[in-house]
>>> print(open('input.cif').read())   # mmCIF, C-alpha atoms
data_entry
loop_
_atom_site.label_atom_id
_atom_site.label_comp_id
_atom_site.auth_asym_id
_atom_site.auth_seq_id
_atom_site.Cartn_x
_atom_site.Cartn_y
_atom_site.Cartn_z
CA MET A 175 -36.00 48.87 -10.60
CA TYR A 176 -36.49 48.88 -6.85
CA ASN A 177 -33.67 49.78 -4.48
CA LYS A 178 -31.45 50.90 -7.34
CA GLY A 179 -29.49 52.99 -4.88
CA THR A 180 -28.27 50.00 -2.89
CA ILE A 181 -28.17 47.26 -5.53
CA ILE A 182 -25.92 48.99 -8.07
CA PRO A 183 -23.27 50.22 -5.63
CA GLY A 184 -23.51 46.81 -3.93
CA LEU A 185 -22.81 45.00 -7.18
CA ILE A 186 -19.89 47.28 -7.97
CA LEU A 187 -18.47 46.71 -4.50
CA PHE A 188 -18.87 42.93 -4.89
CA VAL A 189 -17.03 42.89 -8.23
CA LEU A 190 -14.26 45.02 -6.76
CA ILE A 191 -13.84 42.71 -3.77
CA VAL A 192 -13.78 39.61 -5.97
CA MET A 193 -11.21 41.20 -8.26
CA SER A 194 -9.10 42.61 -5.46
CA PRO A 195 -6.29 39.99 -5.75
CA VAL A 196 -6.00 40.66 -9.47
CA LEU A 197 -6.10 44.41 -9.00
CA TYR A 198 -3.58 44.19 -6.16
CA ASN A 199 -1.13 42.58 -8.58
CA GLY A 200 -1.75 45.32 -11.14
CA LEU A 201 -3.68 43.07 -13.56
CA LYS A 202 -0.55 40.99 -14.14
CA ALA A 203 0.05 37.34 -13.25
CA GLY A 204 3.70 37.90 -12.43
CA VAL A 205 6.77 36.63 -14.23
CA VAL A 206 6.09 33.23 -15.79
CA PRO A 207 8.63 30.84 -14.27
CA THR A 208 11.17 28.96 -16.34
CA PRO A 209 12.08 25.68 -14.70
CA GLU A 210 15.77 24.90 -14.71
CA PRO A 211 16.83 22.61 -17.58
CA PRO A 212 18.79 19.53 -16.48
CA PRO A 213 22.13 20.74 -15.11
CA GLY A 214 23.76 17.67 -16.63
CA GLY A 215 22.86 18.97 -20.09
CA GLN A 216 20.51 16.12 -21.05
CA LYS A 217 18.27 17.13 -23.91
CA GLN A 218 16.12 14.01 -24.20
CA CYS A 219 13.19 13.25 -21.92
CA VAL A 220 10.68 10.41 -21.96
CA LEU A 221 8.25 12.69 -23.81
CA PRO A 222 8.66 15.96 -25.72
CA ALA A 223 8.94 18.98 -23.43
CA LYS A 224 5.53 20.32 -24.40
CA GLU A 225 3.82 17.06 -23.52
CA MET A 226 5.75 16.76 -20.29
CA LYS A 227 4.63 20.25 -19.30
CA ASP A 228 1.00 19.34 -19.92
CA THR A 229 0.81 15.75 -18.77
CA HIS A 230 3.70 14.89 -16.43
CA MET A 231 1.24 14.43 -13.58
CA GLN A 232 -0.75 11.85 -15.53
CA LEU A 233 2.43 10.07 -16.59
CA LEU A 234 3.63 9.90 -13.00
CA ASN A 235 0.31 8.45 -11.89
CA GLU A 236 0.40 5.89 -14.68
CA TRP A 237 3.94 4.86 -13.80
CA ARG A 238 2.99 4.63 -10.15
CA ASP A 239 0.04 2.34 -10.86
CA GLU A 240 1.96 0.18 -13.31
CA VAL A 241 4.91 -0.32 -11.00
CA LEU A 242 3.12 -0.67 -7.69
CA ARG A 243 -0.19 -2.22 -8.54
CA HIS A 244 0.68 -4.33 -11.59
CA ASP A 245 4.35 -4.98 -10.86
CA ASP A 246 5.04 -3.86 -14.41
CA ARG A 247 8.54 -2.49 -14.01
CA VAL A 248 9.54 -2.89 -17.64
CA MET A 249 11.76 0.00 -18.59
CA VAL A 250 10.52 2.70 -20.92
CA GLU A 251 12.65 2.96 -24.03
CA VAL A 252 12.87 6.28 -25.82
CA ASP A 253 15.32 6.71 -28.71
CA GLY A 254 17.40 3.77 -27.61
CA LYS A 255 17.74 4.95 -24.04
CA LYS A 256 16.04 2.98 -21.29
CA TYR A 257 14.40 4.61 -18.33
CA ARG A 258 13.10 3.01 -15.13
CA LYS A 259 9.60 4.09 -14.24
CA GLY A 260 10.13 6.27 -11.23
CA LEU A 261 10.19 9.77 -9.88
CA GLN A 262 13.16 9.34 -7.56
CA THR A 263 14.94 6.80 -9.73
CA THR A 264 14.46 8.48 -13.11
CA CYS A 265 13.12 12.04 -13.22
CA MET A 266 15.34 13.35 -10.46
CA GLN A 267 18.45 11.78 -12.00
CA CYS A 268 18.43 14.50 -14.67
CA HIS A 269 16.38 17.16 -12.93
CA THR A 270 18.65 17.16 -9.93
CA SER A 271 16.99 19.99 -8.07
CA LYS A 272 13.42 19.75 -6.91
CA GLU A 273 13.63 23.33 -5.72
CA LYS A 274 14.77 24.76 -9.05
CA PHE A 275 12.73 22.46 -11.26
CA CYS A 276 9.48 21.23 -9.70
CA ASP A 277 8.89 24.05 -7.27
CA SER A 278 9.41 26.86 -9.77
CA CYS A 279 6.10 26.15 -11.52
CA HIS A 280 4.25 24.53 -8.64
CA GLU A 281 4.72 27.56 -6.46
CA TYR A 282 3.65 29.88 -9.26
CA ALA A 283 0.52 27.82 -9.92
CA SER A 284 -0.05 27.21 -6.20
CA VAL A 285 -0.02 23.45 -6.72
CA LYS A 286 0.94 21.36 -3.73
CA PRO A 287 1.61 17.78 -4.84
CA TYR A 288 2.26 15.33 -2.01
CA CYS A 289 5.07 13.43 -3.79
CA TRP A 290 7.70 14.58 -1.33
CA ASP A 291 5.87 13.42 1.77
CA CYS A 292 7.47 10.06 1.05
CA HIS A 293 9.76 10.43 -1.94
CA LEU A 294 13.16 11.91 -1.25
CA THR A 295 14.33 14.97 -3.09
CA PRO A 296 17.93 14.73 -4.34
CA ALA A 297 18.94 17.20 -1.63
CA GLN A 298 17.26 15.16 1.10
CA ALA A 299 18.73 11.90 -0.17
CA ALA A 300 22.19 13.46 -0.12
CA SER A 301 21.71 14.77 3.43
CA LYS A 302 21.97 11.25 4.90
CA LYS A 303 24.29 9.42 2.59
CA GLU A 304 25.68 5.97 3.08
CA THR A 305 29.09 6.44 4.65
CA HIS A 306 30.80 3.10 4.15
CA MET B 913 -56.67 14.52 12.40
CA SER B 914 -58.35 16.81 9.92
CA SER B 915 -61.87 15.54 10.80
CA ASP B 916 -61.12 16.30 14.46
CA SER B 917 -59.83 19.78 13.85
CA CYS B 918 -62.71 20.98 11.67
CA ALA B 919 -65.41 19.06 13.46
CA GLY B 920 -69.09 19.26 12.37
CA SER B 921 -69.43 21.87 9.65
CA ILE B 922 -68.70 19.76 6.55
CA GLU B 923 -69.12 16.31 7.96
CA GLU B 924 -70.36 14.69 4.78
CA GLY B 925 -67.48 15.89 2.61
CA ASP B 926 -65.04 15.02 5.34
CA ALA B 927 -66.32 11.48 5.55
CA LEU B 928 -65.94 11.12 1.81
CA MET B 929 -62.42 12.46 1.95
CA ASP B 930 -61.51 10.12 4.79
CA ASN B 931 -62.79 7.20 2.79
CA GLU B 932 -60.69 8.16 -0.21
CA ARG B 933 -57.65 8.74 1.89
CA ARG B 934 -58.06 5.38 3.58
CA LYS B 935 -58.36 3.70 0.20
CA PHE B 936 -55.40 5.60 -1.13
CA LEU B 937 -53.25 4.66 1.83
CA LYS B 938 -54.22 1.00 1.48
CA ILE B 939 -53.35 0.92 -2.21
CA ALA B 940 -50.14 2.83 -1.63
CA GLY B 941 -49.13 0.49 1.17
CA ILE B 942 -49.81 -2.66 -0.83
CA SER B 943 -48.01 -1.37 -3.91
CA ALA B 944 -45.01 -0.33 -1.80
CA LEU B 945 -44.85 -3.79 -0.26
CA ALA B 946 -45.15 -5.42 -3.65
CA GLY B 947 -42.51 -3.12 -5.11
CA ILE B 948 -40.01 -3.90 -2.37
CA GLY B 949 -40.88 -7.58 -2.07
CA ALA B 950 -41.13 -8.59 -5.72
CA PRO B 951 -37.46 -8.30 -6.70
CA ALA B 952 -36.44 -10.23 -3.59
CA ILE B 953 -38.90 -12.98 -4.36
CA ALA B 954 -37.85 -13.04 -7.99
CA LYS B 955 -34.20 -13.31 -6.95
CA LEU B 956 -34.84 -16.08 -4.46
CA THR B 957 -36.82 -18.17 -6.91
CA THR B 958 -34.43 -17.76 -9.83
CA THR B 959 -31.21 -18.52 -7.93
CA ALA B 960 -32.79 -21.56 -6.36
CA ALA B 961 -32.96 -23.08 -9.84
CA TYR B 962 -29.20 -23.27 -10.32
CA ALA B 963 -27.99 -22.92 -6.76
CA ALA B 964 -27.67 -26.65 -6.27
CA PRO B 965 -25.12 -27.43 -9.00
CA GLN B 966 -23.12 -24.35 -7.97
CA HIS B 967 -22.90 -25.65 -4.43
CA GLU B 968 -21.80 -29.02 -5.68
CA GLU B 969 -19.03 -27.42 -7.69
CA ALA B 970 -17.91 -25.36 -4.72
CA ALA B 971 -17.87 -28.44 -2.55
CA LYS B 972 -15.78 -30.27 -5.11
CA ALA B 973 -13.35 -27.39 -5.31
CA ALA B 974 -13.10 -27.24 -1.53
CA GLU B 975 -12.41 -30.95 -1.42
CA ALA B 976 -9.60 -30.59 -3.92
CA GLY B 977 -8.32 -27.51 -2.10
CA ALA B 978 -8.10 -29.37 1.16
CA GLU B 979 -5.34 -31.51 -0.33
CA GLU B 980 -3.39 -28.79 -2.13
CA ASP B 981 -4.53 -25.42 -3.37
CA ALA B 982 -4.79 -25.18 -7.11
CA VAL B 983 -1.31 -23.91 -7.80
CA SER B 984 -1.24 -21.12 -10.30
CA GLY B 985 1.56 -18.72 -11.01
CA LYS B 986 4.49 -17.77 -8.86
CA GLN B 987 4.49 -17.50 -5.12
CA TYR B 988 7.70 -16.16 -3.74
CA GLY B 989 8.69 -17.66 -0.44
CA MET B 990 11.61 -18.21 1.85
CA VAL B 991 13.23 -20.89 3.94
CA ILE B 992 15.01 -19.69 7.06
CA ASP B 993 17.58 -22.14 8.40
CA MET B 994 17.83 -21.55 12.13
CA ARG B 995 20.81 -23.89 12.45
CA LYS B 996 22.83 -21.35 10.49
CA PHE B 997 21.45 -18.39 12.44
CA ILE B 998 22.24 -20.07 15.75
CA GLU B 999 25.75 -20.83 14.53
CA GLN B 1000 26.35 -17.26 13.30
CA PRO B 1001 24.12 -14.88 15.26
CA GLU B 1002 25.69 -11.87 13.52
CA LEU B 1003 24.03 -12.95 10.25
CA LEU B 1004 20.65 -11.78 11.46
CA ASP B 1005 21.97 -8.36 12.45
CA GLN B 1006 23.46 -8.04 8.98
CA ALA B 1007 20.18 -9.02 7.36
CA ILE B 1008 18.18 -6.55 9.45
CA ALA B 1009 20.67 -3.76 8.72
CA ALA B 1010 20.60 -4.52 5.00
CA CYS B 1011 16.80 -4.36 4.99
CA ALA B 1012 16.71 -1.09 6.90
CA LEU B 1013 19.23 0.43 4.52
CA ALA B 1014 17.43 -0.77 1.40
CA HIS B 1015 14.03 0.53 2.47
CA ASN B 1016 14.80 3.55 4.63
CA VAL B 1017 13.37 1.83 7.68
CA PRO B 1018 13.66 4.12 10.71
CA GLU B 1019 15.21 3.03 13.98
CA PHE B 1020 13.55 4.53 17.02
CA PRO B 1021 15.35 5.02 20.35
CA PRO B 1022 14.35 2.70 23.23
CA ASP B 1023 12.06 5.32 24.78
CA LYS B 1024 10.04 5.47 21.58
CA GLN B 1025 9.46 1.76 20.99
CA LYS B 1026 5.75 2.47 20.62
CA SER B 1027 6.60 3.95 17.23
CA GLU B 1028 8.85 1.06 16.21
CA ILE B 1029 8.76 0.08 12.52
CA LYS B 1030 9.42 -3.59 11.80
CA TRP B 1031 10.14 -5.20 8.44
CA ILE B 1032 12.34 -8.06 9.59
CA TRP B 1033 13.03 -8.37 13.28
CA LYS B 1034 14.08 -10.76 16.07
CA THR B 1035 11.78 -12.66 18.33
CA PRO B 1036 12.18 -15.68 20.66
CA PHE B 1037 10.83 -19.10 19.70
CA GLU B 1038 7.75 -19.02 21.93
CA ASN B 1039 6.64 -15.72 20.39
CA ALA B 1040 7.27 -16.79 16.84
CA PHE B 1041 5.68 -20.22 17.12
CA THR B 1042 2.85 -19.77 19.57
CA GLU B 1043 1.21 -23.02 18.51
CA GLU B 1044 4.25 -25.15 19.26
CA SER B 1045 4.88 -26.61 22.65
CA PHE B 1046 7.84 -25.03 24.35
CA THR B 1047 8.21 -27.00 27.54
CA HIS B 1048 11.73 -28.37 27.95
CA LEU B 1049 12.88 -26.60 24.84
CA ALA B 1050 16.40 -27.26 23.62
CA LYS B 1051 18.75 -24.72 25.13
CA ASN B 1052 20.01 -23.38 21.81
CA ILE B 1053 16.45 -22.87 20.54
CA GLU B 1054 15.34 -21.26 23.77
CA GLU B 1055 18.13 -18.73 23.56
CA ALA B 1056 17.93 -18.18 19.81
CA GLU B 1057 16.58 -15.05 18.18
CA PHE B 1058 14.28 -15.99 15.30
CA PRO B 1059 14.09 -13.73 12.28
CA VAL B 1060 10.45 -12.93 11.56
CA LEU B 1061 8.97 -10.94 8.71
CA CYS B 1062 5.84 -10.67 6.59
CA ASN B 1063 4.87 -14.19 5.53
CA HIS B 1064 3.44 -13.12 2.15
CA CYS B 1065 0.62 -15.55 2.77
CA ALA B 1066 -1.25 -17.36 0.04
CA HIS B 1067 -4.46 -16.27 1.78
CA PRO B 1068 -3.52 -12.99 3.41
CA SER B 1069 -6.05 -11.78 5.97
CA CYS B 1070 -4.67 -8.24 5.78
CA VAL B 1071 -5.68 -8.01 2.12
CA ARG B 1072 -9.22 -9.11 2.89
CA VAL B 1073 -9.80 -6.32 5.38
CA CYS B 1074 -8.16 -3.40 3.58
CA PRO B 1075 -10.95 -0.97 2.69
CA THR B 1076 -8.98 0.86 0.01
CA LYS B 1077 -7.06 -2.02 -1.57
CA ALA B 1078 -3.88 -0.30 -0.49
CA THR B 1079 -2.56 -3.73 0.36
CA PHE B 1080 -3.09 -6.47 -2.16
CA LYS B 1081 -1.64 -9.71 -3.44
CA GLN B 1082 0.44 -9.29 -6.57
CA LYS B 1083 -0.83 -11.57 -9.28
CA ASP B 1084 2.49 -12.36 -10.91
CA ASN B 1085 4.59 -13.27 -7.91
CA GLY B 1086 2.33 -13.65 -4.87
CA ILE B 1087 3.95 -10.82 -2.97
CA VAL B 1088 1.62 -9.09 -0.53
CA ALA B 1089 2.34 -5.55 -1.60
CA MET B 1090 1.54 -2.12 -0.22
CA ASP B 1091 0.54 0.94 -2.19
CA TYR B 1092 1.33 3.70 0.28
CA HIS B 1093 -0.41 6.23 -1.95
CA ARG B 1094 -3.70 4.57 -1.09
CA CYS B 1095 -3.20 3.71 2.57
CA ILE B 1096 -5.51 5.73 4.80
CA GLY B 1097 -3.98 4.43 8.03
CA CYS B 1098 -7.06 2.66 9.37
CA ARG B 1099 -4.89 -0.18 10.72
CA PHE B 1100 -7.46 -2.90 9.97
CA CYS B 1101 -4.62 -4.86 8.36
CA MET B 1102 -2.59 -4.66 11.56
CA ALA B 1103 -5.49 -6.15 13.48
CA ALA B 1104 -5.95 -8.83 10.83
CA CYS B 1105 -2.33 -9.95 10.49
CA PRO B 1106 -1.70 -12.95 12.77
CA TYR B 1107 2.05 -12.33 12.69
CA GLY B 1108 2.31 -8.70 13.78
CA ALA B 1109 4.21 -8.04 10.60
CA ARG B 1110 2.76 -4.58 10.06
CA SER B 1111 3.78 -1.33 11.68
CA PHE B 1112 2.03 2.01 11.81
CA ASN B 1113 3.84 5.29 11.35
CA TRP B 1114 2.73 7.14 14.44
CA GLU B 1115 5.09 9.97 13.60
CA ASP B 1116 7.23 11.21 10.73
CA PRO B 1117 9.85 8.46 10.32
CA ARG B 1118 12.44 10.59 8.51
CA PRO B 1119 14.36 11.93 11.52
CA TYR B 1120 14.96 8.32 12.60
CA VAL B 1121 16.21 6.98 9.28
CA LYS B 1122 19.98 6.58 9.66
CA THR B 1123 21.03 6.64 6.02
CA TYR B 1124 18.87 7.22 3.01
CA ASN B 1125 18.75 4.86 0.08
CA PRO B 1126 18.27 7.44 -2.68
CA ASN B 1127 16.44 4.90 -4.85
CA PHE B 1128 13.66 4.15 -2.40
CA PRO B 1129 11.10 6.44 -0.77
CA THR B 1130 10.49 6.78 2.94
CA ARG B 1131 6.99 6.60 4.36
CA MET B 1132 4.97 9.39 5.87
CA ARG B 1133 3.12 9.72 9.15
CA GLY B 1134 -0.19 7.86 9.12
CA VAL B 1135 0.49 4.87 6.86
CA VAL B 1136 1.04 1.22 7.66
CA GLU B 1137 4.18 -0.43 6.33
CA LYS B 1138 5.77 -3.85 6.15
CA CYS B 1139 8.24 -6.08 4.29
CA ASN B 1140 7.73 -6.08 0.51
CA PHE B 1141 9.98 -9.06 -0.24
CA CYS B 1142 12.17 -6.50 -2.04
CA GLY B 1143 9.89 -6.28 -5.07
CA GLU B 1144 12.00 -3.42 -6.38
CA ARG B 1145 15.20 -5.48 -6.16
CA LEU B 1146 13.64 -8.58 -7.70
CA ALA B 1147 12.67 -6.46 -10.70
CA LEU B 1148 16.36 -5.70 -11.19
CA GLY B 1149 17.25 -9.38 -10.96
CA GLN B 1150 18.64 -9.11 -7.45
CA GLN B 1151 17.83 -11.19 -4.39
CA PRO B 1152 16.06 -9.64 -1.41
CA ALA B 1153 18.39 -7.52 0.72
CA CYS B 1154 18.23 -9.83 3.76
CA VAL B 1155 18.95 -12.91 1.65
CA GLU B 1156 21.86 -11.17 -0.01
CA ALA B 1157 23.21 -10.13 3.38
CA CYS B 1158 23.56 -13.78 4.41
CA LYS B 1159 24.77 -14.91 1.03
CA GLY B 1160 27.01 -17.95 1.10
CA SER B 1161 25.74 -19.14 4.47
CA GLY B 1162 22.50 -20.68 3.17
CA ALA B 1163 20.71 -19.23 6.19
CA MET B 1164 18.01 -17.76 3.96
CA VAL B 1165 16.87 -19.28 0.70
CA PHE B 1166 14.48 -17.33 -1.47
CA GLY B 1167 12.50 -18.36 -4.54
CA ASP B 1168 9.25 -19.47 -6.10
CA ILE B 1169 7.66 -22.06 -3.82
CA ASN B 1170 5.25 -23.08 -6.58
CA ASP B 1171 8.12 -24.10 -8.85
CA GLU B 1172 9.26 -27.64 -8.13
CA LYS B 1173 12.69 -27.01 -9.58
CA SER B 1174 13.45 -23.91 -7.56
CA GLU B 1175 16.14 -23.88 -4.90
CA VAL B 1176 13.61 -23.28 -2.12
CA ARG B 1177 11.60 -26.30 -3.15
CA GLN B 1178 14.75 -28.41 -3.16
CA VAL B 1179 15.40 -27.34 0.42
CA LEU B 1180 11.76 -27.84 1.40
CA ALA B 1181 11.81 -31.33 -0.09
CA LYS B 1182 14.87 -32.27 1.93
CA GLU B 1183 14.35 -30.62 5.30
CA PHE B 1184 11.58 -30.68 7.88
CA THR B 1185 10.20 -27.18 8.15
CA ILE B 1186 7.58 -25.41 10.23
CA GLN B 1187 5.50 -22.33 9.50
CA ARG B 1188 4.22 -19.70 11.89
CA LYS B 1189 0.64 -20.12 13.11
CA PRO B 1190 -0.56 -22.55 10.45
CA SER B 1191 -3.98 -22.75 12.15
CA ALA B 1192 -4.68 -19.17 11.11
CA GLY B 1193 -5.25 -20.64 7.66
CA THR B 1194 -3.34 -17.93 5.84
CA LYS B 1195 -0.81 -20.31 4.27
CA PRO B 1196 2.38 -18.44 5.06
CA SER B 1197 5.22 -18.55 2.53
CA VAL B 1198 8.06 -18.34 5.05
CA PHE B 1199 9.33 -21.67 6.34
CA TYR B 1200 11.70 -22.39 9.22
CA ILE B 1201 14.17 -25.20 9.69
CA VAL B 1202 14.50 -25.40 13.45
#
>>> encode(input="input.cif", output="C-alpha cells")
Amino acid sequence: MYNKGTIIPGLILFVLIVMSPVLYNGLKAGVVPTPEPPPGGQKQCVLPAKEMKDTHMQLLNEWRDEVLRHDDRVMVEVDGKKYRKGLQTTCMQCHTSKEKFCDSCHEYASVKPYCWDCHLTPAQAASKKETH
Amino acid sequence: MSSDSCAGSIEEGDALMDNERRKFLKIAGISALAGIGAPAIAKLTTTAAYAAPQHEEAAKAAEAGAEEDAVSGKQYGMVIDMRKFIEQPELLDQAIAACALAHNVPEFPPDKQKSEIKWIWKTPFENAFTEESFTHLAKNIEEAEFPVLCNHCAHPSCVRVCPTKATFKQKDNGIVAMDYHRCIGCRFCMAACPYGARSFNWEDPRPYVKTYNPNFPTRMRGVVEKCNFCGERLALGQQPACVEACKGSGAMVFGDINDEKSEVRQVLAKEFTIQRKPSAGTKPSVFYIV
C-alpha cells in the first residue's frame, strides 16, 4: 500500500471527526423524553398511543387535506366519542401544552414542524382572549 | 478542420474519412429530423380525423352556456341589501368586526396601510361598481359605504393562475378556498382577481390581531389570504360570521344560488340586483340590491 503513513492516520482522524458529536455526548443519546399526558386526564385518543407516536404527522396531513382540500369535515368517531379533524380544535383540547407535549420530543429529535407559524398554541390563543 | 491541420501527408485516407463523415452527418441529420418530425406529423394527422366533431360539440356547449351555465352542485352566494346598510350604517361595522374576530384578521394602524389585510371591507360605489355610470348619483348611494368581499366566482380567475393549486374552487359548495399550507406567496392571484379581494401578508400579522379566535389559525408572513365564506362555520351548521352579525335585518342573505328554493334565490327573484364587474366574465356570486 502506498502512502500508508498518511492514509491510515487520515482515515482514523476522519472517523474521529465524524463521530465527535457522539463521543462528545459520551456515546449516549441523552434522556429519552416523556411527553406530558393530557392534564385533563383523558385516556382515549383518536388512535392508540403507539400508533400516534409513529404516525401522528401523517394523520395530521391527512386531516389537513380532507378538511381543506375536500371540505370533508365529517367528525371522526372513536369509541362513541366524536372528534373534529383539527390540530387546534381537537389535539390541543386535551394536550393543552404545546411546550410540554409537542416540543418535548420534537426538540429531542431536532424536528422543526411549521404548524405553529399559523396555528395558535393554547398559550398563544389565551394571550389575546376575547374580553366581552 | 482535421484535413487542414494535418495537411498533405495522408491525403488519400483523409479524403476517405471526410467522405464517410459527410455521409454520416447527412444520415444523422435526416434521421434526427425524421425522429423529431414524425410524432408531430402523426399527431396532426390523427387528431384531424376527429377534431371536427369535437369542435362542433364544444360550439354547442358554448351556445348552451351563453344562456345559462350548466348548473351542477351547490354554489354558495350572497345578496347584500344596500337599503338596509344605508339605513343602519353600524351593521357593516358589526359584520366586519365579526369577520375579523372569527378569522383572526389583523388590523394595521393607519401608517401601515400597505400591509392591510381585507376579508370584508368598505368601499364607495364608484370603486365597487366601476362599470356603472356614476354621474348624478343619488346622494345616499354616493355617500354610502359598500361592503365588498371575495365574490366566490363561478369562474374564478385567481384559481386559474395559481401555480400550486393553493387556491381552488371547492367542488361541493363552490367556495373559492385557500390552502395556506400550499401558498408560496407569488401573488399571481392578486393580480388576477378583478375585485382586489386578496391581501398579501407583507409581515407577521400576529402582533396586529386584536383578539384570537382559539378555533382558527392566523396566517404567516408571505401568504395571500381572503374571505373563505366561513367554510369552517358552515360545516358546523352556522351562517357566515358577517351574515350572523346582521341577523334579523335582512341586510345580508346567504345560501345556495343554484337552489331555486333557497332564501337567496327568493330574494334574487324578487329584487333587481347588480354584480361587481360582470364584464370580467368571472360570474361573481355576490349580488347587491342598490
>>> resolve_selection(input="input.cif", expression="the PyMOL selection byres ((chain B and resi 1116) around 12)", output="list in words")
Asp291 and Cys292 of chain A; Val1017, Pro1018, Glu1019, Phe1020, Ser1027, Glu1028, Ile1029, Phe1112, Asn1113, Trp1114, Glu1115, Pro1117, Arg1118, Pro1119, Tyr1120, Val1121, Thr1130, Arg1131, Met1132, Arg1133, Gly1134 and Val1135 of chain B
>>> atom_distance(input="input.cif", atom1="CA of Met994 in chain B", atom2="CA of Ala1181 in chain B")
16.8 Å
>>> residues_around(input="input.cif", residues="Arg238 in chain A", least_positions_apart="5", cutoff="8 Å", atoms="only C-alpha atoms", output="MDAnalysis selection string")
chainID A and resid 243 259:260
>>> residues_around(input="input.cif", residues="Ala1009 in chain B", least_positions_apart="6", cutoff="10 Å", atoms="only C-alpha atoms", output="number ranges by chain")
B: 1003, 1017, 1032, 1153-1154, 1157
>>> resolve_selection(input="input.cif", expression="the PyMOL selection byres ((chain A) within 6 of (chain B))", output="list in words")
Thr263, Asp291, Cys292, His293, Leu294, Ala299, Lys302, Lys303 and Glu304 of chain A
>>> resolve_selection(input="input.cif", expression="the PyMOL selection byres ((chain B and resi 1001) around 12)", output="PyMOL selection string")
chain B and resi 993-1000+1002-1008+1034+1052+1055-1059+1158+1161+1163
>>> write_last_selection(input="input.cif", atoms="C-alpha atoms", output="PDB file, in the frame of the given file")
ATOM      1  CA  ASP B 993      17.580 -22.140   8.400  1.00  0.00           C
ATOM      2  CA  MET B 994      17.830 -21.550  12.130  1.00  0.00           C
ATOM      3  CA  ARG B 995      20.810 -23.890  12.450  1.00  0.00           C
ATOM      4  CA  LYS B 996      22.830 -21.350  10.490  1.00  0.00           C
ATOM      5  CA  PHE B 997      21.450 -18.390  12.440  1.00  0.00           C
ATOM      6  CA  ILE B 998      22.240 -20.070  15.750  1.00  0.00           C
ATOM      7  CA  GLU B 999      25.750 -20.830  14.530  1.00  0.00           C
ATOM      8  CA  GLN B1000      26.350 -17.260  13.300  1.00  0.00           C
ATOM      9  CA  GLU B1002      25.690 -11.870  13.520  1.00  0.00           C
ATOM     10  CA  LEU B1003      24.030 -12.950  10.250  1.00  0.00           C
ATOM     11  CA  LEU B1004      20.650 -11.780  11.460  1.00  0.00           C
ATOM     12  CA  ASP B1005      21.970  -8.360  12.450  1.00  0.00           C
ATOM     13  CA  GLN B1006      23.460  -8.040   8.980  1.00  0.00           C
ATOM     14  CA  ALA B1007      20.180  -9.020   7.360  1.00  0.00           C
ATOM     15  CA  ILE B1008      18.180  -6.550   9.450  1.00  0.00           C
ATOM     16  CA  LYS B1034      14.080 -10.760  16.070  1.00  0.00           C
ATOM     17  CA  ASN B1052      20.010 -23.380  21.810  1.00  0.00           C
ATOM     18  CA  GLU B1055      18.130 -18.730  23.560  1.00  0.00           C
ATOM     19  CA  ALA B1056      17.930 -18.180  19.810  1.00  0.00           C
ATOM     20  CA  GLU B1057      16.580 -15.050  18.180  1.00  0.00           C
ATOM     21  CA  PHE B1058      14.280 -15.990  15.300  1.00  0.00           C
ATOM     22  CA  PRO B1059      14.090 -13.730  12.280  1.00  0.00           C
ATOM     23  CA  CYS B1158      23.560 -13.780   4.410  1.00  0.00           C
ATOM     24  CA  SER B1161      25.740 -19.140   4.470  1.00  0.00           C
ATOM     25  CA  ALA B1163      20.710 -19.230   6.190  1.00  0.00           C
TER      26      ALA B1163
END
>>> closest_residue(input="input.cif", among="A:Val252, A:Leu197, A:Cys265, A:Leu185", to="His230 in chain A", atoms="only C-alpha atoms")
A:Cys265
>>> residues_around(input="input.cif", residues="Ser1197 in chain B", least_positions_apart="3", cutoff="8 Å", atoms="all atoms listed in the file", output="list in words")
Gln987, Tyr988, Gly989, Met990, Asn1063, His1064, Cys1065, Ala1066, Ile1169 and Gln1187 of chain B
>>> residues_near_point(input="input.cif", point="(20.9, 18.7, -7.9)", cutoff="9 Å", atoms="all atoms listed in the file", output="list in words")
Pro212, Pro213, Met266, Gln267, Cys268, His269, Thr270, Ser271, Lys272, Glu273, Lys274, Thr295, Pro296 and Ala297 of chain A
>>> atom_distance(input="input.cif", atom1="CA of Arg1177 in chain B", atom2="CA of Phe1199 in chain B")
10.8 Å
>>> closest_residue(input="input.cif", among="B:Ala940, B:Ala1012, B:Ala954, B:Val991", to="Glu1183 in chain B", atoms="all atoms listed in the file")
B:Val991
>>> residues_near_point(input="input.cif", point="(-2.6, -8.4, 10.2)", cutoff="12 Å", atoms="all atoms listed in the file", output="compact mmCIF listing (two decimals) with C-alpha atoms, keeping the file's coordinate frame")
# COMPACT_ATOMS: atom_id res chain seq x y z
CA LEU B 1061 8.97 -10.94 8.71
CA CYS B 1062 5.84 -10.67 6.59
CA ASN B 1063 4.87 -14.19 5.53
CA HIS B 1064 3.44 -13.12 2.15
CA CYS B 1065 0.62 -15.55 2.77
CA HIS B 1067 -4.46 -16.27 1.78
CA PRO B 1068 -3.52 -12.99 3.41
CA SER B 1069 -6.05 -11.78 5.97
CA CYS B 1070 -4.67 -8.24 5.78
CA VAL B 1071 -5.68 -8.01 2.12
CA ARG B 1072 -9.22 -9.11 2.89
CA VAL B 1073 -9.80 -6.32 5.38
CA CYS B 1074 -8.16 -3.40 3.58
CA THR B 1079 -2.56 -3.73 0.36
CA VAL B 1088 1.62 -9.09 -0.53
CA CYS B 1098 -7.06 2.66 9.37
CA ARG B 1099 -4.89 -0.18 10.72
CA PHE B 1100 -7.46 -2.90 9.97
CA CYS B 1101 -4.62 -4.86 8.36
CA MET B 1102 -2.59 -4.66 11.56
CA ALA B 1103 -5.49 -6.15 13.48
CA ALA B 1104 -5.95 -8.83 10.83
CA CYS B 1105 -2.33 -9.95 10.49
CA PRO B 1106 -1.70 -12.95 12.77
CA TYR B 1107 2.05 -12.33 12.69
CA GLY B 1108 2.31 -8.70 13.78
CA ALA B 1109 4.21 -8.04 10.60
CA ARG B 1110 2.76 -4.58 10.06
CA SER B 1111 3.78 -1.33 11.68
CA PHE B 1112 2.03 2.01 11.81
CA VAL B 1136 1.04 1.22 7.66
CA GLU B 1137 4.18 -0.43 6.33
CA LYS B 1138 5.77 -3.85 6.15
CA ALA B 1192 -4.68 -19.17 11.11
CA THR B 1194 -3.34 -17.93 5.84
>>> atom_distance(input="input.cif", atom1="CA of Ala950 in chain B", atom2="CA of Asn931 in chain B")
28.1 Å
>>> residues_around(input="input.cif", residues="Gln218 in chain A", least_positions_apart="3", cutoff="12 Å", atoms="all atoms listed in the file", output="list in words")
Pro211, Pro212, Gly214, Gly215, Leu221, Pro222, Ala223, Met226, Glu251, Val252, Asp253, Gly254, Lys255, Lys256, Tyr257, Cys265, Cys268 and His269 of chain A
